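Engineer: Right, I'll just put the structure down here and ask away after.
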Amino acid sequence: MHAFEALLIVMAAAVVLSLLAGRLKAPFPPFLAMAGAGAAFIPFAPDIGLDPQLALALFVAPVLLDAAFDSSLRDLRRNIVPIACLSLAAVAVTTVAVALVARTLMPALPWAAAVALGAIVAPPDAAAATAVLRLVPAPYRVRTVLEGESLFNDAGSLLVYRFAVAATVGALPAGAALPLQVVWALVGSVVFAVAVAWLQDRLMRRLEDPPPAIVLQFVGGFGVWIAAERLGLSGIITIVVFAMAVSRMGARNPARVRLPAYAVWETVVFGLNAMAFMMVGLQIGPIWENLAPAQRGDYAVFALAVLATCVAARFAWVMGYGTVVRFKNHVWGANPPPGMSPPTARSGLVVAWAGMRGVVSLAAAYALPADFPMRDLILLSVFVVVMGTLVVQGLTLGPLIRALRLGGDDTLDADIRLARIASVEAALKSIEGRTDPQADRLRADYSERRAALNGIDDGDGRVLLPVDNLALTVLQAKRDRLLTLRLEGTISDAAYYQLEEELDRHELALTPVIR
């Protein structure tokens, strides 16, 4: 089987698994993890090679860019303390705990390599938790903390990973050069990311066609990571800051560029996640087959011990931190951030159990040098951690939320309602003083929408007026007539596609966005 044929099979399997997950109303990542495990033992599996140095840039950069682009600075500031504790302290605790367990079970494993293993499996993947929280209502604060944690724990853990790998292969700077390199990686990454984001934004303003604009986004997303690594900066910090800056600088980009770009990026991230699980799965099969029966038992015990340590370390830290916060709030009194629900033991259980690992850990393990000490053992252990957390925790997180009766809140919906009302008010204000028929027509429409919005106290405030339902019916009639004209040969396909796109844009304006 050729590599391209295998890639097509993986993409087709990913689509089928996505459909299956949707039919079962279950999160998609656990199914992807199980497919990756199945790829490990496919007969006649192809030998697909990838430069380990490119693994992080290929698999991690676009995933983090996509997540950081959607992040809210306001929510991150409001929850900076729990996010920082999870991003820094929890990752540090997990890294140290895994390193100690690894050295205890495998004394031949160098300390630096054990720390590298701990750093690889320390950062949870919020995408898996978010996939669950889309299906089961949960407090907005929980989702915000998990998504914010994902952005910054990757930065911290992969920075430790970078120095641990350098120490293992004898390339770690000595003396004063080490703290200087850390400062350069932190400060330099932020400055470089903002500068590149500014440059890309200036170029984007000159592009009006979607294809070159989207290509420029890919060049910027992958290029900023590669350039940061070449300059000795942190690729993770650079890509996160770059995405946050671009999302705010490019807020006024034209819709005809922005909408196709969103669809392309979502598709690319979907495909790269599937590829990452396949690539690592194809590595696991030969590793397992080449082990002697006695070694298999030792490797399995080691990997399961690492998995148990990851789960226990996160659980202990999150629940311990939550207990301290609730005690402090009870003794001294403290209010949660505006619009946010206070932390509870039940929300702490959800955050603790939402520690699924994902593509970042897989890519970091794959990126280890070929001559890294016990690379096969580390790769197998990381795969078991990702598999175990995604399948066990990923499939049980939803039932846990339901059992705890945690429920959702109105935080995000209230924000959307507020924004809808404000935008309608802005529309009406923009035509104040005008008495022409066009302004009167718009004024009547927006006045009706404002009245409908003011009568809504819950939900996200989306109103579908009778005229909107009628407009959808009219659009369908226009589509049917256009299709008839095309099939009869009355109009050309080029004319049909142009008018179809115009109708699509009208329909999108009348249908809700599903997130």
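Ordering of the structure tokens sets the chain letters (A, B, ...); residue numbers start at 1 within each chain; ligands are numbered from 1 in the order shown.
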Tell me, as a PyMOL selection string, which residues lie within 10 Å of Val190 (chain A), counting only C-alpha atoms; anything in the same chain fewer than 5 positions away does not count.

Structural biologist: chain A and resi 184-185+195+233-234+237-242

Engineer: Going by DSSP on the backbone, which residues of region 438-515 of chain A come out as helix (DSSP H, G or I)? List them as a VMD selection string.

Structural biologist: chain A and resid 438 to 454 466 to 487 493 to 510

Engineer: Write out as a short mmCIF file (atom, residue, chain, number, x, y, z; two decimals) with N, CA and C atoms, in the first residue's frame which residues come within 9 Å of Glu149 (chain A) when counting only C-alpha atoms, dropping same-chain ones fewer than 6 positions away.

Structural biologist:
```
data_model
loop_
_atom_site.label_atom_id
_atom_site.label_comp_id
_atom_site.auth_asym_id
_atom_site.auth_seq_id
_atom_site.Cartn_x
_atom_site.Cartn_y
_atom_site.Cartn_z
N PRO A 82 -6.88 30.51 38.10
CA PRO A 82 -7.01 29.06 37.88
C PRO A 82 -6.32 28.59 36.61
N ILE A 83 -6.31 29.42 35.55
CA ILE A 83 -5.64 29.02 34.32
C ILE A 83 -4.14 28.92 34.56
N ALA A 84 -3.58 29.89 35.28
CA ALA A 84 -2.14 29.86 35.57
C ALA A 84 -1.78 28.66 36.44
N CYS A 85 -2.63 28.36 37.41
CA CYS A 85 -2.34 27.22 38.29
C CYS A 85 -2.38 25.90 37.53
N LEU A 86 -3.31 25.78 36.60
CA LEU A 86 -3.36 24.57 35.80
C LEU A 86 -2.25 24.54 34.76
N SER A 87 -1.94 25.68 34.16
CA SER A 87 -0.96 25.73 33.09
C SER A 87 0.46 25.54 33.60
N LEU A 88 0.74 26.06 34.77
CA LEU A 88 2.10 26.01 35.30
C LEU A 88 2.25 24.96 36.40
N PRO A 123 0.62 18.09 29.25
CA PRO A 123 -0.43 19.04 28.83
C PRO A 123 -1.68 18.36 28.30
N PRO A 124 -2.83 18.60 28.91
CA PRO A 124 -4.09 18.08 28.35
C PRO A 124 -4.47 18.83 27.08
N ASP A 125 -5.33 18.23 26.32
CA ASP A 125 -5.81 18.80 25.06
C ASP A 125 -7.25 19.27 25.26
N ALA A 126 -7.44 20.59 25.26
CA ALA A 126 -8.78 21.13 25.52
C ALA A 126 -9.75 20.82 24.40
#
```

Engineer: Show which residues sit within 9 Å of Tyr496 (chain A), as a PyMOL selection string. Count only C-alpha atoms, and ignore same-chain residues fewer than 2 positions away.

Structural biologist: chain A and resi 482-483+485-486+491-494+498-501

Engineer: For the residues in that selection, give me N, CA, C and O atoms as a CSV table (one decimal), in the first residue's frame.

Structural biologist:
```csv
chain,number,residue,atom,x,y,z
A,482,LEU,N,-33.7,28.1,-10.7
A,482,LEU,CA,-32.3,28.2,-11.3
A,482,LEU,C,-31.9,26.8,-11.7
A,482,LEU,O,-31.3,26.7,-12.8
A,483,LEU,N,-32.2,25.8,-10.9
A,483,LEU,CA,-31.7,24.4,-11.3
A,483,LEU,C,-32.5,24.0,-12.6
A,483,LEU,O,-31.9,23.3,-13.4
A,485,LEU,N,-33.6,25.9,-15.0
A,485,LEU,CA,-33.0,26.6,-16.1
A,485,LEU,C,-31.6,26.0,-16.5
A,485,LEU,O,-31.3,25.9,-17.7
A,486,ARG,N,-30.9,25.5,-15.5
A,486,ARG,CA,-29.6,24.9,-15.8
A,486,ARG,C,-29.8,23.6,-16.5
A,486,ARG,O,-29.1,23.3,-17.5
A,491,ILE,N,-29.5,28.5,-19.2
A,491,ILE,CA,-28.4,29.3,-18.8
A,491,ILE,C,-27.2,28.4,-18.6
A,491,ILE,O,-27.3,27.1,-18.5
A,492,SER,N,-26.0,29.0,-18.7
A,492,SER,CA,-24.8,28.2,-18.6
A,492,SER,C,-24.5,27.8,-17.1
A,492,SER,O,-25.0,28.4,-16.2
A,493,ASP,N,-23.6,26.9,-17.0
A,493,ASP,CA,-23.2,26.5,-15.6
A,493,ASP,C,-22.5,27.6,-14.9
A,493,ASP,O,-22.7,27.8,-13.7
A,494,ALA,N,-21.7,28.4,-15.6
A,494,ALA,CA,-21.1,29.6,-15.0
A,494,ALA,C,-22.1,30.5,-14.4
A,494,ALA,O,-21.9,31.0,-13.3
A,498,GLN,N,-22.7,31.3,-10.2
A,498,GLN,CA,-22.6,32.6,-9.6
A,498,GLN,C,-23.8,33.0,-8.9
A,498,GLN,O,-23.8,33.5,-7.7
A,499,LEU,N,-25.0,32.7,-9.4
A,499,LEU,CA,-26.2,33.0,-8.8
A,499,LEU,C,-26.5,32.1,-7.5
A,499,LEU,O,-27.0,32.5,-6.5
A,500,GLU,N,-26.0,30.8,-7.7
A,500,GLU,CA,-26.1,29.9,-6.5
A,500,GLU,C,-25.3,30.4,-5.3
A,500,GLU,O,-25.7,30.4,-4.2
A,501,GLU,N,-24.1,31.0,-5.6
A,501,GLU,CA,-23.3,31.5,-4.5
A,501,GLU,C,-24.0,32.7,-3.9
A,501,GLU,O,-24.0,32.9,-2.6
```

Engineer: Record the distance separating CA of Arg462 (chain A) and CA of Arg450 (chain A), expressed in Å with one decimal.

Structural biologist: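 That distance, rounded to one decimal, is 11.0 Å.
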
Engineer: Might you pull out every residue within 12 Å of Ala426 (chain A), with only C-alpha atoms counted and same-chain residues fewer than 5 positions away left off, and present them as a list of chain:residue names?

Structural biologist: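 Final neighbour list, sorted by chain and number: A:Ala419, A:Arg420, A:Ile421, A:Ile431, A:Glu432, A:Arg443, A:Tyr446, A:Ser447, A:Arg450.
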
Engineer: Between A:Val391, A:Val301, A:Ile456, A:Val160, which one has atoms that come closest to Arg417 (chain A), using only C-alpha atoms?

Structural biologist: A:Ile456

Engineer: Rounded to one decimal place, report the CA of Val264 (chain A)-CA of Arg479 (chain A) distance in Å.

Structural biologist: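 Going from CA of Val264 (chain A) over to CA of Arg479 (chain A), I get 25.4 Å.
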
Engineer: Using only C-alpha atoms, find each residue in region 391-495 of chain A having at least one atom no more than 7 Å away from region 343-364 of chain A; report its shortest atom-to-atom pair and that distance in Å (one decimal), rows by chain then rising number, as CSV.

Structural biologist:
```
residue,atom,partner,partner_atom,distance
A:Gln393,CA,A:Trp353,CA,6.4
A:Gly394,CA,A:Met356,CA,6.7
A:Leu397,CA,A:Ala354,CA,6.8
A:Ile401,CA,A:Val350,CA,6.8
A:Leu404,CA,A:Arg346,CA,6.5
A:Leu406,CA,A:Arg346,CA,7.0
```

Engineer: Show me, as a ChimeraX atom specification, the residues that have an atom within 6 Å of region 275-290 of chain A when counting only C-alpha atoms, minus same-chain residues fewer than 2 positions from it.

Structural biologist: /A:36-37,39-41,272-273

Engineer: Can you write out the residues you just picked, keeping all heavy atoms, as an mmCIF file, in the first residue's frame?

Structural biologist:
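Output contents, as saved in part_27.cif:
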```
data_model
loop_
_atom_site.group_PDB
_atom_site.id
_atom_site.type_symbol
_atom_site.label_atom_id
_atom_site.label_comp_id
_atom_site.auth_asym_id
_atom_site.auth_seq_id
_atom_site.Cartn_x
_atom_site.Cartn_y
_atom_site.Cartn_z
ATOM 1 N N GLY A 36 -6.591 5.213 15.625
ATOM 2 C CA GLY A 36 -5.132 5.228 15.633
ATOM 3 C C GLY A 36 -4.556 3.949 16.203
ATOM 4 O O GLY A 36 -3.557 3.419 15.703
ATOM 5 N N ALA A 37 -5.205 3.421 17.243
ATOM 6 C CA ALA A 37 -4.751 2.155 17.811
ATOM 7 C C ALA A 37 -4.941 1.024 16.809
ATOM 8 O O ALA A 37 -4.103 0.120 16.693
ATOM 9 C CB ALA A 37 -5.520 1.855 19.094
ATOM 10 N N ALA A 39 -4.788 1.364 13.586
ATOM 11 C CA ALA A 39 -3.769 1.528 12.543
ATOM 12 C C ALA A 39 -2.455 0.875 12.939
ATOM 13 O O ALA A 39 -1.652 0.492 12.076
ATOM 14 C CB ALA A 39 -3.554 3.009 12.254
ATOM 15 N N ALA A 40 -2.222 0.745 14.246
ATOM 16 C CA ALA A 40 -0.964 0.159 14.711
ATOM 17 C C ALA A 40 -0.825 -1.304 14.306
ATOM 18 O O ALA A 40 0.289 -1.829 14.229
ATOM 19 C CB ALA A 40 -0.868 0.279 16.239
ATOM 20 N N PHE A 41 -1.932 -1.960 14.045
ATOM 21 C CA PHE A 41 -1.867 -3.398 13.772
ATOM 22 C C PHE A 41 -2.517 -3.767 12.435
ATOM 23 O O PHE A 41 -3.002 -4.878 12.258
ATOM 24 C CB PHE A 41 -2.543 -4.157 14.919
ATOM 25 C CG PHE A 41 -1.919 -3.868 16.260
ATOM 26 C CD1 PHE A 41 -2.516 -2.967 17.129
ATOM 27 C CD2 PHE A 41 -0.716 -4.449 16.626
ATOM 28 C CE1 PHE A 41 -1.935 -2.670 18.356
ATOM 29 C CE2 PHE A 41 -0.133 -4.160 17.854
ATOM 30 C CZ PHE A 41 -0.734 -3.268 18.717
ATOM 31 N N LEU A 272 -5.439 17.025 9.958
ATOM 32 C CA LEU A 272 -4.146 16.850 10.623
ATOM 33 C C LEU A 272 -4.277 16.038 11.901
ATOM 34 O O LEU A 272 -3.372 15.269 12.248
ATOM 35 C CB LEU A 272 -3.523 18.217 10.920
ATOM 36 C CG LEU A 272 -2.984 18.968 9.706
ATOM 37 C CD1 LEU A 272 -2.482 20.357 10.113
ATOM 38 C CD2 LEU A 272 -1.850 18.187 9.036
ATOM 39 N N ASN A 273 -5.387 16.196 12.619
ATOM 40 C CA ASN A 273 -5.607 15.359 13.800
ATOM 41 C C ASN A 273 -5.672 13.891 13.409
ATOM 42 O O ASN A 273 -5.076 13.032 14.078
ATOM 43 C CB ASN A 273 -6.901 15.777 14.508
ATOM 44 C CG ASN A 273 -6.682 16.852 15.540
ATOM 45 O OD1 ASN A 273 -6.186 16.590 16.630
ATOM 46 N ND2 ASN A 273 -7.032 18.073 15.191
#
```

Engineer: Skip Glu507 (chain A) itself and residues of its chain fewer than 3 positions away, then list as a PyMOL selection string all residues within 10 Å of it, counting only C-alpha atoms.

Structural biologist: chain A and resi 468+471-472+475-476+501-504+510-512

Engineer: For the residues in the current selection, export N, CA and C atoms as a CSV table (one decimal), in the first residue's frame.

Structural biologist:
```csv
chain,number,residue,atom,x,y,z
A,468,ASP,N,-38.5,36.3,7.9
A,468,ASP,CA,-37.3,35.4,7.7
A,468,ASP,C,-37.7,34.1,7.2
A,471,ALA,N,-38.6,34.4,3.7
A,471,ALA,CA,-37.5,34.6,2.9
A,471,ALA,C,-36.8,33.3,2.5
A,472,LEU,N,-36.8,32.4,3.5
A,472,LEU,CA,-36.2,31.0,3.2
A,472,LEU,C,-37.1,30.3,2.2
A,475,LEU,N,-36.2,31.8,-1.1
A,475,LEU,CA,-34.9,31.4,-1.6
A,475,LEU,C,-35.0,30.0,-2.2
A,476,GLN,N,-35.7,29.1,-1.6
A,476,GLN,CA,-35.8,27.7,-2.1
A,476,GLN,C,-36.5,27.7,-3.5
A,501,GLU,N,-24.1,31.0,-5.6
A,501,GLU,CA,-23.3,31.5,-4.5
A,501,GLU,C,-24.0,32.7,-3.9
A,502,GLU,N,-24.7,33.5,-4.7
A,502,GLU,CA,-25.4,34.7,-4.1
A,502,GLU,C,-26.5,34.2,-3.2
A,503,LEU,N,-27.2,33.2,-3.6
A,503,LEU,CA,-28.3,32.6,-2.8
A,503,LEU,C,-27.8,32.0,-1.5
A,504,ASP,N,-26.6,31.3,-1.6
A,504,ASP,CA,-26.0,30.7,-0.5
A,504,ASP,C,-25.7,31.8,0.6
A,510,LEU,N,-29.6,33.9,7.1
A,510,LEU,CA,-30.9,33.6,7.8
A,510,LEU,C,-30.8,32.4,8.7
A,511,THR,N,-29.6,31.7,8.7
A,511,THR,CA,-29.5,30.5,9.5
A,511,THR,C,-28.5,30.7,10.6
A,512,PRO,N,-28.7,30.0,11.8
A,512,PRO,CA,-27.8,30.2,12.9
A,512,PRO,C,-26.5,29.6,12.7
```

Engineer: Let me make sure I understand: among A:Gly250, A:Ala177, A:Asp457, A:Gln438, which one has the smallest atom-to-atom distance to Ile416 (chain A) if we use only C-alpha atoms?

Structural biologist: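 Ranked by minimum distance to Ile416 (chain A), first place goes to A:Asp457.
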
Engineer: Which value, in Å to one decimal, gives the distance between CA of Ala509 (chain A) and CA of Leu442 (chain A)?

Structural biologist: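 CA of Leu442 (chain A) lies 15.7 Å from CA of Ala509 (chain A).
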
Engineer: For Ala89 (chain A), which residue among A:Met244, A:Leu19, A:Ala316, A:Ala116 is the nearest when counting only C-alpha atoms?

Structural biologist: A:Ala316
